[in-house]
file data_19.cif (mmCIF, C-alpha atoms)
data_structure
#
loop_
_atom_site.group_PDB
_atom_site.id
_atom_site.type_symbol
_atom_site.label_atom_id
_atom_site.label_comp_id
_atom_site.auth_asym_id
_atom_site.auth_seq_id
_atom_site.Cartn_x
_atom_site.Cartn_y
_atom_site.Cartn_z
ATOM 1 C CA MET A 1 44.140 -6.570 -18.748
ATOM 2 C CA GLY A 2 41.999 -7.166 -21.841
ATOM 3 C CA LYS A 3 40.017 -4.527 -23.550
ATOM 4 C CA PRO A 4 36.595 -3.784 -22.042
ATOM 5 C CA ASN A 5 33.614 -5.125 -23.907
ATOM 6 C CA ARG A 6 31.997 -2.034 -25.345
ATOM 7 C CA LEU A 7 28.745 -3.835 -25.983
ATOM 8 C CA ASN A 8 28.206 -4.107 -22.218
ATOM 9 C CA VAL A 9 28.291 -0.340 -21.839
ATOM 10 C CA CYS A 10 25.226 1.729 -22.588
ATOM 11 C CA LEU A 11 26.612 4.529 -24.734
ATOM 12 C CA PRO A 12 24.740 7.799 -25.152
ATOM 13 C CA CYS A 13 23.524 8.777 -28.555
ATOM 14 C CA SER A 14 26.143 10.800 -30.404
ATOM 15 C CA SER A 15 26.635 11.922 -33.949
ATOM 16 C CA LYS A 16 30.303 10.915 -33.561
ATOM 17 C CA SER A 17 29.442 7.273 -32.818
ATOM 18 C CA THR A 18 30.596 4.806 -35.415
ATOM 19 C CA GLY A 19 28.075 2.965 -37.538
ATOM 20 C CA ALA A 20 28.856 -0.358 -35.864
ATOM 21 C CA LEU A 21 28.275 1.041 -32.374
ATOM 22 C CA GLN A 22 25.074 2.760 -33.467
ATOM 23 C CA LYS A 23 23.763 -0.583 -34.651
ATOM 24 C CA ALA A 24 24.924 -2.491 -31.570
ATOM 25 C CA ARG A 25 23.748 0.053 -28.976
ATOM 26 C CA PRO A 26 19.974 -0.345 -29.490
ATOM 27 C CA LEU A 27 20.264 -4.139 -29.253
ATOM 28 C CA VAL A 28 22.118 -3.915 -25.929
ATOM 29 C CA CYS A 29 20.396 -0.920 -24.371
ATOM 30 C CA ALA A 30 16.808 -1.119 -25.622
ATOM 31 C CA LEU A 31 15.706 -3.765 -23.104
ATOM 32 C CA PRO A 32 17.118 -2.034 -19.972
ATOM 33 C CA HIS A 33 15.744 1.313 -21.111
ATOM 34 C CA ARG A 34 12.328 -0.138 -21.805
ATOM 35 C CA THR A 35 12.343 -1.859 -18.415
ATOM 36 C CA VAL A 36 13.173 1.417 -16.654
ATOM 37 C CA VAL A 37 10.451 3.249 -18.561
ATOM 38 C CA ARG A 38 7.939 0.501 -17.775
ATOM 39 C CA THR A 39 8.921 0.558 -14.097
ATOM 40 C CA ASN A 40 8.470 4.327 -13.946
ATOM 41 C CA GLN A 41 5.084 4.064 -15.652
ATOM 42 C CA ILE A 42 3.927 1.449 -13.143
ATOM 43 C CA LYS A 43 5.213 3.620 -10.288
ATOM 44 C CA VAL A 44 3.214 6.610 -11.543
ATOM 45 C CA VAL A 45 0.081 4.456 -11.710
ATOM 46 C CA GLU A 46 0.729 3.131 -8.165
ATOM 47 C CA VAL A 47 1.079 6.637 -6.721
ATOM 48 C CA SER A 48 -1.999 7.856 -8.588
ATOM 49 C CA ILE A 49 -4.093 4.983 -7.245
ATOM 50 C CA ASP A 50 -2.757 5.316 -3.690
ATOM 51 C CA THR A 51 -3.947 8.933 -3.470
ATOM 52 C CA TRP A 52 -7.584 7.783 -3.607
ATOM 53 C CA LEU A 53 -7.228 4.047 -2.850
ATOM 54 C CA LYS A 54 -9.501 4.018 0.195
ATOM 55 C CA LEU A 55 -12.101 6.512 -0.947
ATOM 56 C CA PRO A 56 -14.365 3.686 -2.236
ATOM 57 C CA GLN A 57 -14.215 2.156 1.262
ATOM 58 C CA ILE A 58 -15.119 5.465 2.905
ATOM 59 C CA ILE A 59 -17.991 6.036 0.475
ATOM 60 C CA LYS A 60 -19.345 2.530 1.054
ATOM 61 C CA ILE A 61 -19.351 3.015 4.836
ATOM 62 C CA LEU A 62 -21.096 6.385 4.572
ATOM 63 C CA ARG A 63 -23.752 5.070 2.196
ATOM 64 C CA ALA A 64 -24.481 2.020 4.337
ATOM 65 C CA LYS A 65 -24.114 4.025 7.561
ATOM 66 C CA SER A 66 -22.334 0.965 8.867
ATOM 67 C CA ALA A 67 -18.757 -0.283 9.198
ATOM 68 C CA GLU A 68 -19.815 -3.869 9.847
ATOM 69 C CA GLY A 69 -17.090 -6.405 9.179
ATOM 70 C CA LEU A 70 -14.152 -3.996 9.404
ATOM 71 C CA SER A 71 -11.599 -4.836 12.079
ATOM 72 C CA PHE A 72 -10.539 -1.744 14.037
ATOM 73 C CA HIS A 73 -7.391 -3.493 15.258
ATOM 74 C CA SER A 74 -6.492 -4.254 11.656
ATOM 75 C CA ILE A 75 -6.941 -0.579 10.808
ATOM 76 C CA LEU A 76 -4.687 0.462 13.712
ATOM 77 C CA LEU A 77 -1.882 -1.832 12.580
ATOM 78 C CA GLU A 78 -2.171 -0.629 8.992
ATOM 79 C CA LEU A 79 -2.053 2.948 10.248
ATOM 80 C CA LEU A 80 1.091 2.077 12.217
ATOM 81 C CA ALA A 81 2.788 0.874 9.026
ATOM 82 C CA ILE A 82 1.741 3.933 7.011
ATOM 83 C CA THR A 83 2.833 6.312 9.771
ATOM 84 C CA GLY A 84 6.199 4.554 10.050
ATOM 85 C CA THR A 85 6.852 5.027 6.339
ATOM 86 C CA MET A 86 5.853 8.680 6.454
ATOM 87 C CA ALA A 87 7.836 9.558 9.599
ATOM 88 C CA TYR A 88 10.935 7.718 8.386
ATOM 89 C CA SER A 89 10.817 9.398 4.958
ATOM 90 C CA ILE A 90 10.436 12.853 6.483
ATOM 91 C CA SER A 91 13.279 12.224 8.929
ATOM 92 C CA LYS A 92 15.504 11.244 5.999
ATOM 93 C CA THR A 93 14.348 14.320 4.027
ATOM 94 C CA PHE A 94 13.245 12.147 1.126
ATOM 95 C CA PRO A 95 11.440 14.063 -1.643
ATOM 96 C CA PHE A 96 7.659 14.288 -1.324
ATOM 97 C CA SER A 97 7.282 12.201 -4.480
ATOM 98 C CA ALA A 98 8.872 9.272 -2.622
ATOM 99 C CA TRP A 99 6.352 9.194 0.241
ATOM 100 C CA GLY A 100 3.497 11.532 -0.698
ATOM 101 C CA GLU A 101 1.055 8.689 -1.262
ATOM 102 C CA ALA A 102 1.568 7.647 2.387
ATOM 103 C CA LEU A 103 0.144 11.016 3.474
ATOM 104 C CA PHE A 104 -3.060 10.460 1.493
ATOM 105 C CA LEU A 105 -3.336 6.871 2.701
ATOM 106 C CA MET A 106 -2.865 8.047 6.288
ATOM 107 C CA ILE A 107 -5.681 10.601 6.034
ATOM 108 C CA GLN A 108 -8.049 8.051 4.499
ATOM 109 C CA THR A 109 -7.150 5.326 7.009
ATOM 110 C CA VAL A 110 -7.672 7.693 9.947
ATOM 111 C CA ALA A 111 -11.076 8.608 8.507
ATOM 112 C CA ILE A 112 -12.026 4.930 8.244
ATOM 113 C CA GLY A 113 -10.889 4.296 11.811
ATOM 114 C CA PHE A 114 -13.089 7.133 13.071
ATOM 115 C CA LEU A 115 -16.076 5.932 11.013
ATOM 116 C CA VAL A 116 -15.737 2.413 12.438
ATOM 117 C CA GLN A 117 -16.048 3.858 15.943
ATOM 118 C CA TYR A 118 -18.744 6.381 15.015
ATOM 119 C CA PHE A 119 -21.089 3.909 13.318
ATOM 120 C CA GLY A 120 -20.346 1.403 16.045
ATOM 121 C CA GLY A 121 -21.954 3.811 18.513
ATOM 122 C CA HIS A 122 -18.671 4.939 20.083
ATOM 123 C CA THR A 123 -18.327 8.548 18.931
ATOM 124 C CA GLY A 124 -16.376 9.570 22.025
ATOM 125 C CA ARG A 125 -13.914 6.760 21.455
ATOM 126 C CA GLY A 126 -13.589 7.865 17.843
ATOM 127 C CA VAL A 127 -12.753 11.439 18.853
ATOM 128 C CA SER A 128 -10.218 10.146 21.382
ATOM 129 C CA PHE A 129 -8.665 8.062 18.630
ATOM 130 C CA LEU A 130 -8.240 11.159 16.425
ATOM 131 C CA VAL A 131 -6.721 13.236 19.230
ATOM 132 C CA ALA A 132 -4.372 10.448 20.321
ATOM 133 C CA TYR A 133 -3.208 9.635 16.810
ATOM 134 C CA PHE A 134 -2.426 13.174 15.709
ATOM 135 C CA GLY A 135 -0.741 13.810 19.072
ATOM 136 C CA VAL A 136 1.549 10.810 18.558
ATOM 137 C CA LEU A 137 2.174 11.843 14.939
ATOM 138 C CA ALA A 138 3.222 15.331 16.013
ATOM 139 C CA LEU A 139 5.599 13.799 18.559
ATOM 140 C CA LEU A 140 7.113 11.449 15.963
ATOM 141 C CA LEU A 141 7.753 14.327 13.560
ATOM 142 C CA SER A 142 9.329 16.499 16.246
ATOM 143 C CA SER A 143 12.968 16.631 17.283
ATOM 144 C CA LEU A 144 12.016 15.020 20.599
ATOM 145 C CA THR A 145 11.820 11.567 19.010
ATOM 146 C CA PRO A 146 15.194 9.786 18.644
ATOM 147 C CA ALA A 147 16.093 8.679 15.119
ATOM 148 C CA GLY A 148 16.360 5.095 16.360
ATOM 149 C CA VAL A 149 12.693 5.062 17.325
ATOM 150 C CA VAL A 150 11.623 6.192 13.856
ATOM 151 C CA THR A 151 13.898 3.608 12.232
ATOM 152 C CA ALA A 152 12.470 0.856 14.445
ATOM 153 C CA LEU A 153 8.966 1.966 13.500
ATOM 154 C CA GLN A 154 9.873 1.690 9.833
ATOM 155 C CA ALA A 155 11.349 -1.773 10.408
ATOM 156 C CA SER A 156 8.045 -2.934 11.929
ATOM 157 C CA ASN A 157 6.092 -2.024 8.796
ATOM 158 C CA MET A 158 5.858 -5.405 7.145
ATOM 159 C CA PRO A 159 4.989 -7.391 10.307
ATOM 160 C CA ALA A 160 2.313 -4.782 11.046
ATOM 161 C CA VAL A 161 0.842 -5.071 7.538
ATOM 162 C CA VAL A 162 0.871 -8.879 7.632
ATOM 163 C CA ILE A 163 -0.795 -9.065 11.051
ATOM 164 C CA SER A 164 -3.272 -6.392 9.955
ATOM 165 C CA ARG A 165 -4.372 -8.425 6.928
ATOM 166 C CA LEU A 166 -4.561 -11.641 8.948
ATOM 167 C CA LEU A 167 -6.748 -9.952 11.577
ATOM 168 C CA GLN A 168 -9.139 -8.786 8.854
ATOM 169 C CA ALA A 169 -9.147 -12.247 7.312
ATOM 170 C CA ALA A 170 -9.936 -13.769 10.722
ATOM 171 C CA THR A 171 -12.779 -11.282 11.194
ATOM 172 C CA ASN A 172 -14.225 -12.229 7.805
ATOM 173 C CA TYR A 173 -13.986 -15.927 8.596
ATOM 174 C CA ARG A 174 -15.569 -15.501 12.024
ATOM 175 C CA ASN A 175 -18.451 -13.434 10.602
ATOM 176 C CA GLY A 176 -18.985 -15.662 7.592
ATOM 177 C CA HIS A 177 -19.017 -12.601 5.298
ATOM 178 C CA THR A 178 -16.939 -9.536 4.456
ATOM 179 C CA GLY A 179 -19.452 -6.967 5.678
ATOM 180 C CA GLN A 180 -18.830 -3.457 4.373
ATOM 181 C CA LEU A 181 -15.396 -4.178 2.913
ATOM 182 C CA SER A 182 -15.116 -2.364 -0.423
ATOM 183 C CA ALA A 183 -14.435 -4.711 -3.323
ATOM 184 C CA VAL A 184 -12.772 -1.878 -5.265
ATOM 185 C CA THR A 185 -10.330 -1.112 -2.441
ATOM 186 C CA VAL A 186 -9.556 -4.778 -1.771
ATOM 187 C CA PHE A 187 -8.867 -5.582 -5.434
ATOM 188 C CA LEU A 188 -6.712 -2.472 -5.861
ATOM 189 C CA LEU A 189 -4.693 -3.360 -2.757
ATOM 190 C CA PHE A 190 -4.076 -6.837 -4.143
ATOM 191 C CA ALA A 191 -3.121 -5.588 -7.608
ATOM 192 C CA GLY A 192 -0.931 -2.859 -6.129
ATOM 193 C CA SER A 193 1.028 -5.257 -3.934
ATOM 194 C CA LEU A 194 1.644 -7.516 -6.942
ATOM 195 C CA ALA A 195 2.892 -4.553 -8.993
ATOM 196 C CA ARG A 196 5.255 -3.508 -6.201
ATOM 197 C CA ILE A 197 7.041 -6.858 -6.402
ATOM 198 C CA PHE A 198 8.143 -5.906 -9.907
ATOM 199 C CA THR A 199 8.966 -2.273 -9.144
ATOM 200 C CA SER A 200 10.906 -3.132 -5.974
ATOM 201 C CA ILE A 201 13.087 -5.595 -7.888
ATOM 202 C CA GLN A 202 13.775 -3.042 -10.616
ATOM 203 C CA GLU A 203 14.363 -0.077 -8.284
ATOM 204 C CA THR A 204 16.275 -1.693 -5.414
ATOM 205 C CA GLY A 205 17.368 -5.154 -6.488
ATOM 206 C CA ASP A 206 16.909 -6.111 -2.834
ATOM 207 C CA PRO A 207 15.503 -9.676 -2.494
ATOM 208 C CA LEU A 208 14.325 -8.972 1.058
ATOM 209 C CA MET A 209 12.312 -5.970 -0.140
ATOM 210 C CA ALA A 210 10.791 -8.080 -2.904
ATOM 211 C CA LEU A 211 10.001 -10.844 -0.390
ATOM 212 C CA THR A 212 8.101 -8.426 1.837
ATOM 213 C CA TYR A 213 5.830 -7.536 -1.079
ATOM 214 C CA VAL A 214 5.396 -11.209 -1.941
ATOM 215 C CA VAL A 215 4.187 -11.829 1.617
ATOM 216 C CA SER A 216 1.967 -8.736 1.472
ATOM 217 C CA SER A 217 0.487 -9.936 -1.830
ATOM 218 C CA ALA A 218 -0.247 -13.350 -0.317
ATOM 219 C CA CYS A 219 -2.102 -11.752 2.621
ATOM 220 C CA ASN A 220 -4.038 -9.417 0.337
ATOM 221 C CA GLY A 221 -4.800 -12.420 -1.854
ATOM 222 C CA VAL A 222 -6.413 -14.208 1.102
ATOM 223 C CA ILE A 223 -8.805 -11.294 1.701
ATOM 224 C CA THR A 224 -9.506 -10.993 -2.033
ATOM 225 C CA GLY A 225 -10.307 -14.699 -2.124
ATOM 226 C CA GLN A 226 -12.647 -14.311 0.854
ATOM 227 C CA LEU A 227 -14.398 -11.418 -0.855
ATOM 228 C CA VAL A 228 -15.069 -13.600 -3.898
ATOM 229 C CA TYR A 229 -16.051 -16.610 -1.774
ATOM 230 C CA TYR A 230 -18.511 -14.679 0.392
ATOM 231 C CA TRP A 231 -19.792 -12.535 -2.504
ATOM 232 C CA ASN A 232 -23.211 -14.235 -2.670
ATOM 233 C CA VAL A 233 -23.842 -14.591 1.064
ATOM 234 C CA PRO A 234 -27.554 -13.663 1.497
ATOM 235 C CA LEU A 235 -28.233 -10.376 3.293
ATOM 236 C CA ASP A 236 -30.757 -12.036 5.647
ATOM 237 C CA LYS A 237 -28.071 -14.504 6.743
ATOM 238 C CA ARG A 238 -25.752 -11.609 7.549
ATOM 239 C CA LYS A 239 -28.423 -9.937 9.656
ATOM 240 C CA LYS A 240 -29.132 -13.135 11.590
ATOM 241 C CA GLU A 241 -25.446 -13.515 12.376
#
call {"tool": "encode", "arguments": {"input": "data_19.cif", "output": "structure tokens"}}
result
Amino acid sequence: MGKPNRLNVCLPCSSKSTGALQKARPLVCALPHRTVVRTNQIKVVEVSIDTWLKLPQIIKILRAKSAEGLSFHSILLELLAITGTMAYSISKTFPFSAWGEALFLMIQTVAIGFLVQYFGGHTGRGVSFLVAYFGVLALLLSSLTPAGVVTALQASNMPAVVISRLLQAATNYRNGHTGQLSAVTVFLLFAGSLARIFTSIQETGDPLMALTYVVSSACNGVITGQLVYYWNVPLDKRKKE
């Protein structure tokens, strides 16, 4: 066998390294190292944003005292995807840093779901939703739930997210406006899904994982486009409809 190509190996810094290797190493290793650093930086930003991603949406609903234009079925499907990620990560004993943002997203999404019912005049239904959801969550996190069920729930994440976005897009189209959808939350969701295409490729190298985020970005892009398109819809027209 021939000698291994040393330039393909990322050697650690060492005072014993020869001058030639010290010169070659930065040229070979600088790009991968910079890519890893950049990926980690993007990941930190993603997690930071996810912890408060839906707060602008909650604030907008509370200020308007209305959840007009928000699809409750879309919220339920999104909550299904978030819960699947959280339950699967806990069952696999992943570190909190790997799924912690899902906890914050879950709390905010549950709050939005309740507010949609509350401002829609269905407070009792909203309370039932809270009780039912946290009951199911407790069951999923208990030893009573087979591991296969949690894995299947995780596998349904992307279809749930895609259908969720399409339901919201259909609601916007049917209404002729985006109602109380928060522009800040919508734009951050779109930007975040685009960023995850890059980070998923760098962290996993899995083309299927990258494809799921491409599809998610496309769906988020549709809603973002609708938000821009319906931006100047007159308020009186919304009220008439």
call {"tool": "atom_distance", "arguments": {"input": "data_19.cif", "atom1": "atom CA of A:Trp52", "atom2": "atom CA of A:Gly179"}}
result
21.1 Å
call {"tool": "resolve_selection", "arguments": {"input": "data_19.cif", "expression": "the PyMOL selection byres ((chain A and resi 135-139) around 12)", "output": "ChimeraX atom specification"}}
result
/A:79-80,82-88,90,103,106-107,110,128-134,140-146,149-150
call {"tool": "resolve_selection", "arguments": {"input": "data_19.cif", "expression": "the PyMOL selection byres ((chain A and resi 58) around 10)", "output": "JSON, numbers by chain"}}
result
{"A": [53, 54, 55, 56, 57, 59, 60, 61, 62, 63, 67, 108, 109, 111, 112, 113, 115, 180, 181, 182, 185]}
call {"tool": "closest_residue", "arguments": {"input": "data_19.cif", "among": "A:Thr151, A:Ser217, A:Gln117, A:Thr93", "to": "A:Leu188", "atoms": "all atoms listed in the file"}}
result
A:Ser217
call {"tool": "resolve_selection", "arguments": {"input": "data_19.cif", "expression": "the PyMOL selection byres ((chain A and resi 160-162) around 8)", "output": "PyMOL selection string"}}
result
chain A and resi 77-78+80-81+156-159+163-166+215-216+219
call {"tool": "atom_distance", "arguments": {"input": "data_19.cif", "atom1": "atom CA of A:Asn220", "atom2": "atom CA of A:Ser66"}}
result
22.7 Å
call {"tool": "atom_distance", "arguments": {"input": "data_19.cif", "atom1": "atom CA of A:Phe198", "atom2": "atom CA of A:Ala210"}}
result
7.8 Å
call {"tool": "residues_near_point", "arguments": {"input": "data_19.cif", "point": "(-11.3, -13.3, 12.0)", "cutoff": "12 Å", "atoms": "only C-alpha atoms", "output": "PyMOL selection string"}}
result
chain A and resi 69-74+163-178+222-223+226
call {"tool": "write_last_selection", "arguments": {"input": "data_19.cif", "atoms": "C-alpha atoms", "output": "PDB file, in the coordinates of the input"}}
result
ATOM      1  CA  GLY A  69     -17.090  -6.405   9.179  1.00  0.00           C
ATOM      2  CA  LEU A  70     -14.152  -3.996   9.404  1.00  0.00           C
ATOM      3  CA  SER A  71     -11.599  -4.836  12.079  1.00  0.00           C
ATOM      4  CA  PHE A  72     -10.539  -1.744  14.037  1.00  0.00           C
ATOM      5  CA  HIS A  73      -7.391  -3.493  15.258  1.00  0.00           C
ATOM      6  CA  SER A  74      -6.492  -4.254  11.656  1.00  0.00           C
ATOM      7  CA  ILE A 163      -0.795  -9.065  11.051  1.00  0.00           C
ATOM      8  CA  SER A 164      -3.272  -6.392   9.955  1.00  0.00           C
ATOM      9  CA  ARG A 165      -4.372  -8.425   6.928  1.00  0.00           C
ATOM     10  CA  LEU A 166      -4.561 -11.641   8.948  1.00  0.00           C
ATOM     11  CA  LEU A 167      -6.748  -9.952  11.577  1.00  0.00           C
ATOM     12  CA  GLN A 168      -9.139  -8.786   8.854  1.00  0.00           C
ATOM     13  CA  ALA A 169      -9.147 -12.247   7.312  1.00  0.00           C
ATOM     14  CA  ALA A 170      -9.936 -13.769  10.722  1.00  0.00           C
ATOM     15  CA  THR A 171     -12.779 -11.282  11.194  1.00  0.00           C
ATOM     16  CA  ASN A 172     -14.225 -12.229   7.805  1.00  0.00           C
ATOM     17  CA  TYR A 173     -13.986 -15.927   8.596  1.00  0.00           C
ATOM     18  CA  ARG A 174     -15.569 -15.501  12.024  1.00  0.00           C
ATOM     19  CA  ASN A 175     -18.451 -13.434  10.602  1.00  0.00           C
ATOM     20  CA  GLY A 176     -18.985 -15.662   7.592  1.00  0.00           C
ATOM     21  CA  HIS A 177     -19.017 -12.601   5.298  1.00  0.00           C
ATOM     22  CA  THR A 178     -16.939  -9.536   4.456  1.00  0.00           C
ATOM     23  CA  VAL A 222      -6.413 -14.208   1.102  1.00  0.00           C
ATOM     24  CA  ILE A 223      -8.805 -11.294   1.701  1.00  0.00           C
ATOM     25  CA  GLN A 226     -12.647 -14.311   0.854  1.00  0.00           C
TER      26      GLN A 226
END
